[in-house]
$ cat model_24.cif   # mmCIF, C-alpha atoms
data_target
loop_
_atom_site.group_PDB
_atom_site.id
_atom_site.type_symbol
_atom_site.label_atom_id
_atom_site.label_comp_id
_atom_site.auth_asym_id
_atom_site.auth_seq_id
_atom_site.Cartn_x
_atom_site.Cartn_y
_atom_site.Cartn_z
ATOM 1 C CA MET A 27 97.248 110.194 114.835
ATOM 2 C CA LEU A 28 98.416 108.427 117.968
ATOM 3 C CA PRO A 29 98.405 110.615 121.105
ATOM 4 C CA ALA A 30 102.148 109.977 121.515
ATOM 5 C CA TYR A 31 104.808 107.956 119.718
ATOM 6 C CA GLY A 32 108.310 106.854 120.538
ATOM 7 C CA VAL A 33 110.742 104.045 121.240
ATOM 8 C CA VAL A 34 111.846 102.318 124.422
ATOM 9 C CA ILE A 35 115.329 100.820 124.387
ATOM 10 C CA GLY A 36 116.603 98.207 126.820
ATOM 11 C CA THR A 37 117.552 94.573 127.299
ATOM 12 C CA TYR A 38 115.105 91.675 127.118
ATOM 13 C CA ASP A 39 114.195 90.253 130.540
ATOM 14 C CA HIS A 40 111.222 87.903 130.037
ATOM 15 C CA SER A 41 107.883 87.614 128.255
ATOM 16 C CA GLY A 42 104.444 86.038 128.403
ATOM 17 C CA SER A 43 101.196 85.875 126.424
ATOM 18 C CA ARG A 44 98.116 87.870 127.361
ATOM 19 C CA GLN A 45 94.671 87.415 125.819
ATOM 20 C CA GLY A 46 92.467 90.487 125.906
ATOM 21 C CA GLN A 47 90.450 91.810 122.984
ATOM 22 C CA TRP A 48 93.577 90.886 120.992
ATOM 23 C CA LEU A 49 96.348 88.421 121.726
ATOM 24 C CA HIS A 50 99.565 90.098 122.826
ATOM 25 C CA GLU A 51 103.026 88.785 123.502
ATOM 26 C CA VAL A 52 104.085 90.952 126.424
ATOM 27 C CA LEU A 53 107.808 91.688 126.441
ATOM 28 C CA TYR A 54 109.531 93.031 129.528
ATOM 29 C CA LEU A 55 112.609 95.128 128.906
ATOM 30 C CA ARG A 56 115.032 96.072 131.640
ATOM 31 C CA VAL A 57 116.017 99.716 131.463
ATOM 32 C CA SER A 58 118.454 100.872 134.144
ATOM 33 C CA GLY A 59 116.802 98.715 136.792
ATOM 34 C CA THR A 60 113.234 99.493 135.691
ATOM 35 C CA LEU A 61 111.033 97.005 133.852
ATOM 36 C CA TYR A 62 109.111 98.290 130.834
ATOM 37 C CA GLU A 63 106.083 96.286 129.712
ATOM 38 C CA CYS A 64 105.612 96.155 125.924
ATOM 39 C CA ALA A 65 102.360 94.646 124.629
ATOM 40 C CA VAL A 66 103.066 93.463 121.082
ATOM 41 C CA ASP A 67 100.116 92.381 118.915
ATOM 42 C CA VAL A 68 100.523 88.827 117.604
ATOM 43 C CA ASN A 69 97.002 87.707 116.669
ATOM 44 C CA GLU A 70 93.475 88.937 115.859
ATOM 45 C CA PRO A 71 90.783 86.570 117.174
ATOM 46 C CA THR A 72 88.015 87.901 114.901
ATOM 47 C CA GLY A 73 90.048 88.582 111.772
ATOM 48 C CA ILE A 74 93.453 88.080 110.209
ATOM 49 C CA PHE A 75 96.700 89.350 111.699
ATOM 50 C CA GLN A 76 99.853 89.379 109.580
ATOM 51 C CA TYR A 77 103.529 89.570 110.472
ATOM 52 C CA MET A 78 106.953 89.461 108.886
ATOM 53 C CA THR A 79 110.461 89.200 110.270
ATOM 54 C CA LEU A 80 113.455 90.747 108.546
ATOM 55 C CA GLY A 81 116.889 89.505 109.549
ATOM 56 C CA SER A 82 119.358 91.860 107.871
ATOM 57 C CA LEU A 83 118.352 95.475 108.396
ATOM 58 C CA ASP A 84 120.835 98.172 107.366
ATOM 59 C CA ARG A 85 122.499 99.542 110.514
ATOM 60 C CA SER A 86 123.495 102.740 108.711
ATOM 61 C CA LEU A 87 119.780 103.572 108.402
ATOM 62 C CA PHE A 88 119.222 102.990 112.129
ATOM 63 C CA GLN A 89 121.914 105.218 113.597
ATOM 64 C CA ALA A 90 119.509 107.907 114.844
ATOM 65 C CA ILE A 91 117.974 105.278 117.157
ATOM 66 C CA SER A 92 120.919 103.030 118.016
ATOM 67 C CA ALA A 93 122.910 106.076 119.208
ATOM 68 C CA LEU A 94 120.276 106.837 121.867
ATOM 69 C CA PRO A 95 120.811 105.702 125.464
ATOM 70 C CA ASP A 96 118.555 103.084 127.026
ATOM 71 C CA GLY A 97 115.165 104.460 128.087
ATOM 72 C CA TYR A 98 112.045 105.890 126.484
ATOM 73 C CA HIS A 99 112.373 108.563 123.802
ATOM 74 C CA ASN A 100 109.604 110.545 122.112
ATOM 75 C CA LEU A 101 110.033 110.629 118.340
ATOM 76 C CA ALA A 102 108.893 113.247 115.846
ATOM 77 C CA ARG A 103 106.646 111.784 113.117
ATOM 78 C CA ASP A 104 109.245 112.136 110.377
ATOM 79 C CA ALA A 105 112.124 110.263 108.768
ATOM 80 C CA ALA A 106 114.884 112.274 110.441
ATOM 81 C CA SER A 107 113.904 111.218 113.967
ATOM 82 C CA GLY A 108 114.315 107.512 113.277
ATOM 83 C CA ALA A 109 110.559 106.911 113.414
ATOM 84 C CA ILE A 110 109.296 103.816 111.602
ATOM 85 C CA ASP A 111 106.944 103.768 108.629
ATOM 86 C CA TYR A 112 106.301 100.370 107.045
ATOM 87 C CA ILE A 113 105.617 101.980 103.676
ATOM 88 C CA ARG A 114 108.158 104.818 103.614
ATOM 89 C CA SER A 115 111.157 103.724 105.727
ATOM 90 C CA PRO A 116 114.154 102.578 103.649
ATOM 91 C CA LEU A 117 115.095 100.532 106.733
ATOM 92 C CA VAL A 118 111.993 98.392 106.146
ATOM 93 C CA GLN A 119 111.406 98.773 102.425
ATOM 94 C CA GLU A 120 114.873 97.795 101.179
ATOM 95 C CA PRO A 121 115.062 94.340 102.830
ATOM 96 C CA GLU A 122 111.336 93.735 102.300
ATOM 97 C CA GLY A 123 111.773 94.495 98.596
ATOM 98 C CA CYS A 124 114.690 92.068 98.350
ATOM 99 C CA LEU A 125 112.688 89.371 100.122
ATOM 100 C CA THR A 126 109.682 89.995 97.854
ATOM 101 C CA ALA A 127 111.879 89.668 94.768
ATOM 102 C CA PHE A 128 113.417 86.444 96.062
ATOM 103 C CA VAL A 129 110.026 84.922 96.913
ATOM 104 C CA GLY A 130 108.722 85.936 93.486
ATOM 105 C CA PHE A 131 111.767 84.378 91.789
ATOM 106 C CA ILE A 132 111.318 81.061 93.600
ATOM 107 C CA SER A 133 107.580 81.064 92.889
ATOM 108 C CA GLY A 134 108.340 81.627 89.206
ATOM 109 C CA ILE A 135 110.776 78.714 89.082
ATOM 110 C CA LEU A 136 108.334 76.394 90.821
ATOM 111 C CA GLY A 137 105.367 77.689 88.844
ATOM 112 C CA SER A 138 103.472 78.277 92.067
ATOM 113 C CA LYS A 139 101.199 81.088 93.149
ATOM 114 C CA PRO A 140 103.197 84.112 94.406
ATOM 115 C CA VAL A 141 103.540 84.123 98.188
ATOM 116 C CA SER A 142 103.436 87.329 100.228
ATOM 117 C CA VAL A 143 106.286 88.199 102.590
ATOM 118 C CA TRP A 144 103.518 88.863 105.127
ATOM 119 C CA ASN A 145 102.497 85.713 107.000
ATOM 120 C CA ASN A 146 98.857 85.210 107.988
ATOM 121 C CA VAL A 147 98.627 84.185 111.634
ATOM 122 C CA THR A 148 96.547 81.123 112.437
ATOM 123 C CA GLY A 149 97.801 80.461 115.967
ATOM 124 C CA SER A 150 100.861 81.283 118.043
ATOM 125 C CA GLU A 151 103.424 81.471 115.233
ATOM 126 C CA ALA A 152 103.837 85.276 115.354
ATOM 127 C CA GLY A 153 104.365 85.260 119.113
ATOM 128 C CA ASN A 154 106.846 82.407 118.807
ATOM 129 C CA ALA A 155 108.761 84.234 116.079
ATOM 130 C CA LEU A 156 108.891 87.378 118.207
ATOM 131 C CA VAL A 157 110.163 85.566 121.309
ATOM 132 C CA ARG A 158 112.836 83.767 119.265
ATOM 133 C CA LEU A 159 113.962 87.127 117.942
ATOM 134 C CA VAL A 160 114.249 88.932 121.281
ATOM 135 C CA SER A 161 115.248 86.148 123.657
ATOM 136 C CA SER A 162 118.837 85.948 122.409
ATOM 137 C CA SER A 163 119.248 89.644 121.598
ATOM 138 C CA SER A 164 121.723 91.972 123.270
ATOM 139 C CA ARG A 165 119.527 95.088 122.937
ATOM 140 C CA ALA A 166 115.902 95.639 121.966
ATOM 141 C CA TYR A 167 114.084 98.656 120.519
ATOM 142 C CA VAL A 168 110.279 98.711 120.815
ATOM 143 C CA PHE A 169 108.423 101.331 118.776
ATOM 144 C CA GLY A 170 104.819 102.327 119.529
ATOM 145 C CA ALA A 171 102.715 104.451 121.877
ATOM 146 C CA PRO A 172 103.678 104.827 125.547
ATOM 147 C CA TYR A 173 101.217 103.769 128.235
ATOM 148 C CA SER A 174 99.193 106.729 129.457
ATOM 149 C CA ASN A 175 99.253 105.173 132.960
ATOM 150 C CA PRO A 176 102.719 103.919 133.978
ATOM 151 C CA ASN A 177 101.413 101.835 136.898
ATOM 152 C CA PRO A 178 102.303 99.101 137.690
ATOM 153 C CA TYR A 179 104.803 99.360 134.822
ATOM 154 C CA PRO A 180 105.703 102.006 132.289
ATOM 155 C CA GLY A 181 105.398 100.501 128.856
ATOM 156 C CA MET A 182 104.351 100.490 125.230
ATOM 157 C CA HIS A 183 101.331 99.445 123.187
ATOM 158 C CA ASP A 184 100.154 99.909 119.591
ATOM 159 C CA VAL A 185 103.243 97.920 118.602
ATOM 160 C CA HIS A 186 101.973 97.313 115.076
ATOM 161 C CA MET A 187 101.299 99.240 111.867
ATOM 162 C CA ASN A 188 99.412 102.452 112.718
ATOM 163 C CA GLN A 189 98.112 103.583 109.328
ATOM 164 C CA GLY A 190 95.941 102.295 106.509
ATOM 165 C CA ASP A 191 92.868 101.402 108.566
ATOM 166 C CA PRO A 192 89.566 101.487 106.652
ATOM 167 C CA ILE A 193 87.997 104.944 106.543
ATOM 168 C CA GLY A 194 85.116 104.998 109.002
ATOM 169 C CA SER A 195 86.631 102.334 111.248
ATOM 170 C CA VAL A 196 87.168 103.016 114.943
ATOM 171 C CA PHE A 197 90.949 102.966 114.420
ATOM 172 C CA HIS A 198 91.136 105.328 111.446
ATOM 173 C CA PRO A 199 91.327 108.506 113.598
ATOM 174 C CA LEU A 200 94.565 107.149 115.108
ATOM 175 C CA ASP A 201 96.223 106.674 111.717
ATOM 176 C CA GLY A 202 99.207 108.690 110.584
ATOM 177 C CA ILE A 203 102.505 108.309 108.787
ATOM 178 C CA TRP A 204 105.872 107.770 110.505
ATOM 179 C CA GLN A 205 104.336 106.273 113.637
ATOM 180 C CA ASP A 206 104.333 102.527 113.063
ATOM 181 C CA GLY A 207 105.144 100.125 115.878
ATOM 182 C CA CYS A 208 107.602 97.244 115.659
ATOM 183 C CA VAL A 209 110.353 95.446 117.550
ATOM 184 C CA ILE A 210 113.954 95.699 116.344
ATOM 185 C CA VAL A 211 116.868 93.932 118.017
ATOM 186 C CA ASP A 212 120.604 93.616 118.004
ATOM 187 C CA ALA A 213 120.546 89.894 117.262
ATOM 188 C CA SER A 214 122.907 87.245 118.600
ATOM 189 C CA ASP A 215 124.462 86.799 115.141
ATOM 190 C CA GLY A 216 125.490 90.461 115.087
ATOM 191 C CA LYS A 217 122.776 91.495 112.654
ATOM 192 C CA LEU A 218 120.007 94.028 113.104
ATOM 193 C CA ALA A 219 116.662 92.224 112.848
ATOM 194 C CA GLY A 220 113.009 93.187 113.176
ATOM 195 C CA TYR A 221 109.465 91.977 113.815
ATOM 196 C CA PHE A 222 106.646 93.847 112.048
ATOM 197 C CA GLY A 223 102.915 93.254 112.465
ATOM 198 C CA LYS A 224 99.702 94.529 110.880
ATOM 199 C CA PHE A 225 96.022 93.728 110.637
ATOM 200 C CA ALA A 226 94.911 92.370 107.259
ATOM 201 C CA THR A 227 92.358 95.182 106.977
ATOM 202 C CA GLN A 228 95.184 97.767 106.925
ATOM 203 C CA SER A 229 96.258 98.957 103.491
ATOM 204 C CA LEU A 230 99.928 99.102 102.488
ATOM 205 C CA ASN A 231 99.108 101.997 100.166
ATOM 206 C CA THR A 232 98.405 105.183 102.113
ATOM 207 C CA ASP A 233 98.322 108.931 101.551
ATOM 208 C CA SER A 234 100.188 111.646 103.445
ATOM 209 C CA ASN A 235 97.690 111.403 106.327
ATOM 210 C CA GLY A 236 98.051 107.647 106.692
ATOM 211 C CA SER A 237 94.627 106.973 105.168
ATOM 212 C CA PRO A 238 94.126 104.250 102.552
ATOM 213 C CA ALA A 239 94.954 105.714 99.139
#
$ encode --input "model_24.cif" --output "structure tokens"
Amino acid sequence: MLPAYGVVIGTYDHSGSRQGQWLHEVLYLRVSGTLYECAVDVNEPTGIFQYMTLGSLDRSLFQAISALPDGYHNLARDAASGAIDYIRSPLVQEPEGCLTAFVGFISGILGSKPVSVWNNVTGSEAGNALVRLVSSSSRAYVFGAPYSNPNPYPGMHDVHMNQGDPIGSVFHPLDGIWQDGCVIVDASDGKLAGYFGKFATQSLNTDSNGSPA
């Protein structure tokens, strides 16, 4: 389980890419005059990173979060708090299921191999998709783990799926349910939209502890 989990809410200020062990698109949110730095995973240099964007999330399923004031908020690891779980959240599963059905329908008509709603990253496409999403937004919500050291900026990391890692891997001890990271925005078209990322090694079928089932 992550040491801490929550959401920071604010307005998009600017962003930039940062290459460390993983490639991050670093978003800066302005929260009552303070900048929050949010390191969002967008690539995996030694493996495969996957992302999806969903453009019509159900606002009625997001009210626990959208009603909060700007700032950082700790979230309980459960559905009632507004925490995100890629596998269990109706907020994510309902539009993802519709998109999967649509993609499957089109693939069936064309007689082509079914295509996943998760996109494999080969370059900067995930980062570009994320920046497009947030740059014209009126409000942004970044879910993940808060920085343990707030200097020079308070901020967020682990902004990706945080469950389903292979048992025995270095990341498996951090796994848990209802603690996934993502970026959700009030988009310029009035819709609620989201960016979701995961490593290809992470399973989308997990048990109650977040371990691969």
$ resolve_selection --input "model_24.cif" --expression "the PyMOL selection byres ((chain A and resi 75) around 6)" --output "list in words"
Asn69, Glu70, Ile74, Gln76, Asn146, Val147, Phe225 and Ala226 of chain A
$ resolve_selection --input "model_24.cif" --expression "the PyMOL selection byres ((chain A and resi 181) around 6)" --output "list in words"
Tyr62, Glu63, Cys64, Pro172, Tyr173, Pro180 and Met182 of chain A
$ closest_residue --input "model_24.cif" --among "A:Met78, A:Ile203, A:Ala30, A:Leu61" --to "A:Lys224" --atoms "all atoms listed in the file"
A:Met78
$ residues_around --input "model_24.cif" --residues "stretch 38-40 of chain A" --least-positions-apart "6" --cutoff "7 Å" --atoms "all atoms listed in the file" --output "ChimeraX atom specification"
/A:53-56,160-161,165-166
$ resolve_selection --input "model_24.cif" --expression "the PyMOL selection byres ((chain A and resi 115) around 12)" --output "list in words"
Leu83, Asp84, Leu87, Phe88, Arg103, Asp104, Ala105, Ala106, Ser107, Gly108, Ala109, Ile110, Asp111, Tyr112, Ile113, Arg114, Pro116, Leu117, Val118, Gln119, Glu120, Pro121, Glu122, Gly123, Ile203, Trp204, Gln205 and Asp206 of chain A
$ atom_distance --input "model_24.cif" --atom1 "atom CA of A:Asp212" --atom2 "atom CA of A:Gln228"
28.0 Å
$ residues_near_point --input "model_24.cif" --point "(92.8, 95.5, 124.5)" --cutoff "10 Å" --atoms "all atoms listed in the file" --output "list in words"
Arg44, Gln45, Gly46, Gln47, Trp48, Leu49, His50, Ala65, Asp67, His183 and Asp184 of chain A
$ atom_distance --input "model_24.cif" --atom1 "atom CA of A:Ile35" --atom2 "atom CA of A:Asn100"
11.5 Å
$ atom_distance --input "model_24.cif" --atom1 "atom CA of A:Gly207" --atom2 "atom CA of A:Gly194"
21.7 Å
$ closest_residue --input "model_24.cif" --among "A:Gly81, A:Gly97, A:Gly32, A:Gly170" --to "A:Arg158" --atoms "only C-alpha atoms"
A:Gly81
$ build_atoms --input "model_24.cif" --residues "stretch 181-202 of chain A" --atoms "N, CA, C and O atoms" --output "PDB file, keeping the file's coordinate frame"
ATOM      1  N   GLY A 181     105.345 101.449 129.959  1.00  0.00           N
ATOM      2  CA  GLY A 181     105.398 100.501 128.856  1.00  0.00           C
ATOM      3  C   GLY A 181     104.907 101.058 127.542  1.00  0.00           C
ATOM      4  O   GLY A 181     104.697 102.265 127.379  1.00  0.00           O
ATOM      5  N   MET A 182     104.704 100.134 126.596  1.00  0.00           N
ATOM      6  CA  MET A 182     104.351 100.490 125.230  1.00  0.00           C
ATOM      7  C   MET A 182     103.213  99.615 124.732  1.00  0.00           C
ATOM      8  O   MET A 182     103.107  98.433 125.089  1.00  0.00           O
ATOM      9  N   HIS A 183     102.359 100.202 123.898  1.00  0.00           N
ATOM     10  CA  HIS A 183     101.331  99.445 123.187  1.00  0.00           C
ATOM     11  C   HIS A 183     101.246  99.998 121.770  1.00  0.00           C
ATOM     12  O   HIS A 183     102.096 100.762 121.355  1.00  0.00           O
ATOM     13  N   ASP A 184     100.245  99.551 121.021  1.00  0.00           N
ATOM     14  CA  ASP A 184     100.154  99.909 119.591  1.00  0.00           C
ATOM     15  C   ASP A 184     101.458  99.549 118.870  1.00  0.00           C
ATOM     16  O   ASP A 184     101.941 100.297 118.011  1.00  0.00           O
ATOM     17  N   VAL A 185     102.007  98.383 119.229  1.00  0.00           N
ATOM     18  CA  VAL A 185     103.243  97.920 118.602  1.00  0.00           C
ATOM     19  C   VAL A 185     102.864  97.122 117.354  1.00  0.00           C
ATOM     20  O   VAL A 185     102.938  95.892 117.303  1.00  0.00           O
ATOM     21  N   HIS A 186     102.405  97.868 116.361  1.00  0.00           N
ATOM     22  CA  HIS A 186     101.973  97.313 115.076  1.00  0.00           C
ATOM     23  C   HIS A 186     101.854  98.466 114.092  1.00  0.00           C
ATOM     24  O   HIS A 186     102.071  99.634 114.457  1.00  0.00           O
ATOM     25  N   MET A 187     101.514  98.186 112.862  1.00  0.00           N
ATOM     26  CA  MET A 187     101.299  99.240 111.867  1.00  0.00           C
ATOM     27  C   MET A 187     100.182 100.161 112.355  1.00  0.00           C
ATOM     28  O   MET A 187      99.146  99.701 112.845  1.00  0.00           O
ATOM     29  N   ASN A 188     100.391 101.474 112.236  1.00  0.00           N
ATOM     30  CA  ASN A 188      99.412 102.452 112.718  1.00  0.00           C
ATOM     31  C   ASN A 188      98.982 103.401 111.601  1.00  0.00           C
ATOM     32  O   ASN A 188      98.944 104.618 111.768  1.00  0.00           O
ATOM     33  N   GLN A 189      98.643 102.834 110.463  1.00  0.00           N
ATOM     34  CA  GLN A 189      98.112 103.583 109.328  1.00  0.00           C
ATOM     35  C   GLN A 189      97.363 102.599 108.431  1.00  0.00           C
ATOM     36  O   GLN A 189      97.453 101.383 108.609  1.00  0.00           O
ATOM     37  N   GLY A 190      96.603 103.145 107.493  1.00  0.00           N
ATOM     38  CA  GLY A 190      95.941 102.295 106.509  1.00  0.00           C
ATOM     39  C   GLY A 190      94.667 101.622 106.959  1.00  0.00           C
ATOM     40  O   GLY A 190      94.138 100.756 106.258  1.00  0.00           O
ATOM     41  N   ASP A 191      94.130 101.996 108.125  1.00  0.00           N
ATOM     42  CA  ASP A 191      92.868 101.402 108.566  1.00  0.00           C
ATOM     43  C   ASP A 191      91.716 101.906 107.696  1.00  0.00           C
ATOM     44  O   ASP A 191      91.733 103.046 107.210  1.00  0.00           O
ATOM     45  N   PRO A 192      90.690 101.071 107.496  1.00  0.00           N
ATOM     46  CA  PRO A 192      89.566 101.487 106.652  1.00  0.00           C
ATOM     47  C   PRO A 192      88.945 102.801 107.138  1.00  0.00           C
ATOM     48  O   PRO A 192      88.750 103.008 108.347  1.00  0.00           O
ATOM     49  N   ILE A 193      88.665 103.682 106.198  1.00  0.00           N
ATOM     50  CA  ILE A 193      87.997 104.944 106.543  1.00  0.00           C
ATOM     51  C   ILE A 193      86.644 104.627 107.163  1.00  0.00           C
ATOM     52  O   ILE A 193      85.891 103.808 106.662  1.00  0.00           O
ATOM     53  N   GLY A 194      86.363 105.254 108.285  1.00  0.00           N
ATOM     54  CA  GLY A 194      85.116 104.998 109.002  1.00  0.00           C
ATOM     55  C   GLY A 194      85.261 103.990 110.120  1.00  0.00           C
ATOM     56  O   GLY A 194      84.357 103.843 110.946  1.00  0.00           O
ATOM     57  N   SER A 195      86.411 103.295 110.170  1.00  0.00           N
ATOM     58  CA  SER A 195      86.631 102.334 111.248  1.00  0.00           C
ATOM     59  C   SER A 195      87.002 103.075 112.526  1.00  0.00           C
ATOM     60  O   SER A 195      87.420 104.233 112.504  1.00  0.00           O
ATOM     61  N   VAL A 196      86.894 102.390 113.650  1.00  0.00           N
ATOM     62  CA  VAL A 196      87.168 103.016 114.943  1.00  0.00           C
ATOM     63  C   VAL A 196      88.650 103.384 115.071  1.00  0.00           C
ATOM     64  O   VAL A 196      89.006 104.292 115.831  1.00  0.00           O
ATOM     65  N   PHE A 197      89.514 102.720 114.302  1.00  0.00           N
ATOM     66  CA  PHE A 197      90.949 102.966 114.420  1.00  0.00           C
ATOM     67  C   PHE A 197      91.464 104.031 113.453  1.00  0.00           C
ATOM     68  O   PHE A 197      92.582 104.525 113.619  1.00  0.00           O
ATOM     69  N   HIS A 198      90.665 104.382 112.458  1.00  0.00           N
ATOM     70  CA  HIS A 198      91.136 105.328 111.446  1.00  0.00           C
ATOM     71  C   HIS A 198      91.566 106.675 112.024  1.00  0.00           C
ATOM     72  O   HIS A 198      92.570 107.262 111.556  1.00  0.00           O
ATOM     73  N   PRO A 199      90.878 107.221 113.044  1.00  0.00           N
ATOM     74  CA  PRO A 199      91.327 108.506 113.598  1.00  0.00           C
ATOM     75  C   PRO A 199      92.735 108.465 114.205  1.00  0.00           C
ATOM     76  O   PRO A 199      93.357 109.509 114.384  1.00  0.00           O
ATOM     77  N   LEU A 200      93.231 107.272 114.521  1.00  0.00           N
ATOM     78  CA  LEU A 200      94.565 107.149 115.108  1.00  0.00           C
ATOM     79  C   LEU A 200      95.659 107.001 114.059  1.00  0.00           C
ATOM     80  O   LEU A 200      96.844 106.990 114.385  1.00  0.00           O
ATOM     81  N   ASP A 201      95.259 106.904 112.784  1.00  0.00           N
ATOM     82  CA  ASP A 201      96.223 106.674 111.717  1.00  0.00           C
ATOM     83  C   ASP A 201      97.090 107.897 111.438  1.00  0.00           C
ATOM     84  O   ASP A 201      96.663 109.049 111.613  1.00  0.00           O
ATOM     85  N   GLY A 202      98.289 107.634 110.984  1.00  0.00           N
ATOM     86  CA  GLY A 202      99.207 108.690 110.584  1.00  0.00           C
ATOM     87  C   GLY A 202     100.453 108.042 110.007  1.00  0.00           C
ATOM     88  O   GLY A 202     100.677 106.841 110.159  1.00  0.00           O
TER      89      GLY A 202
END
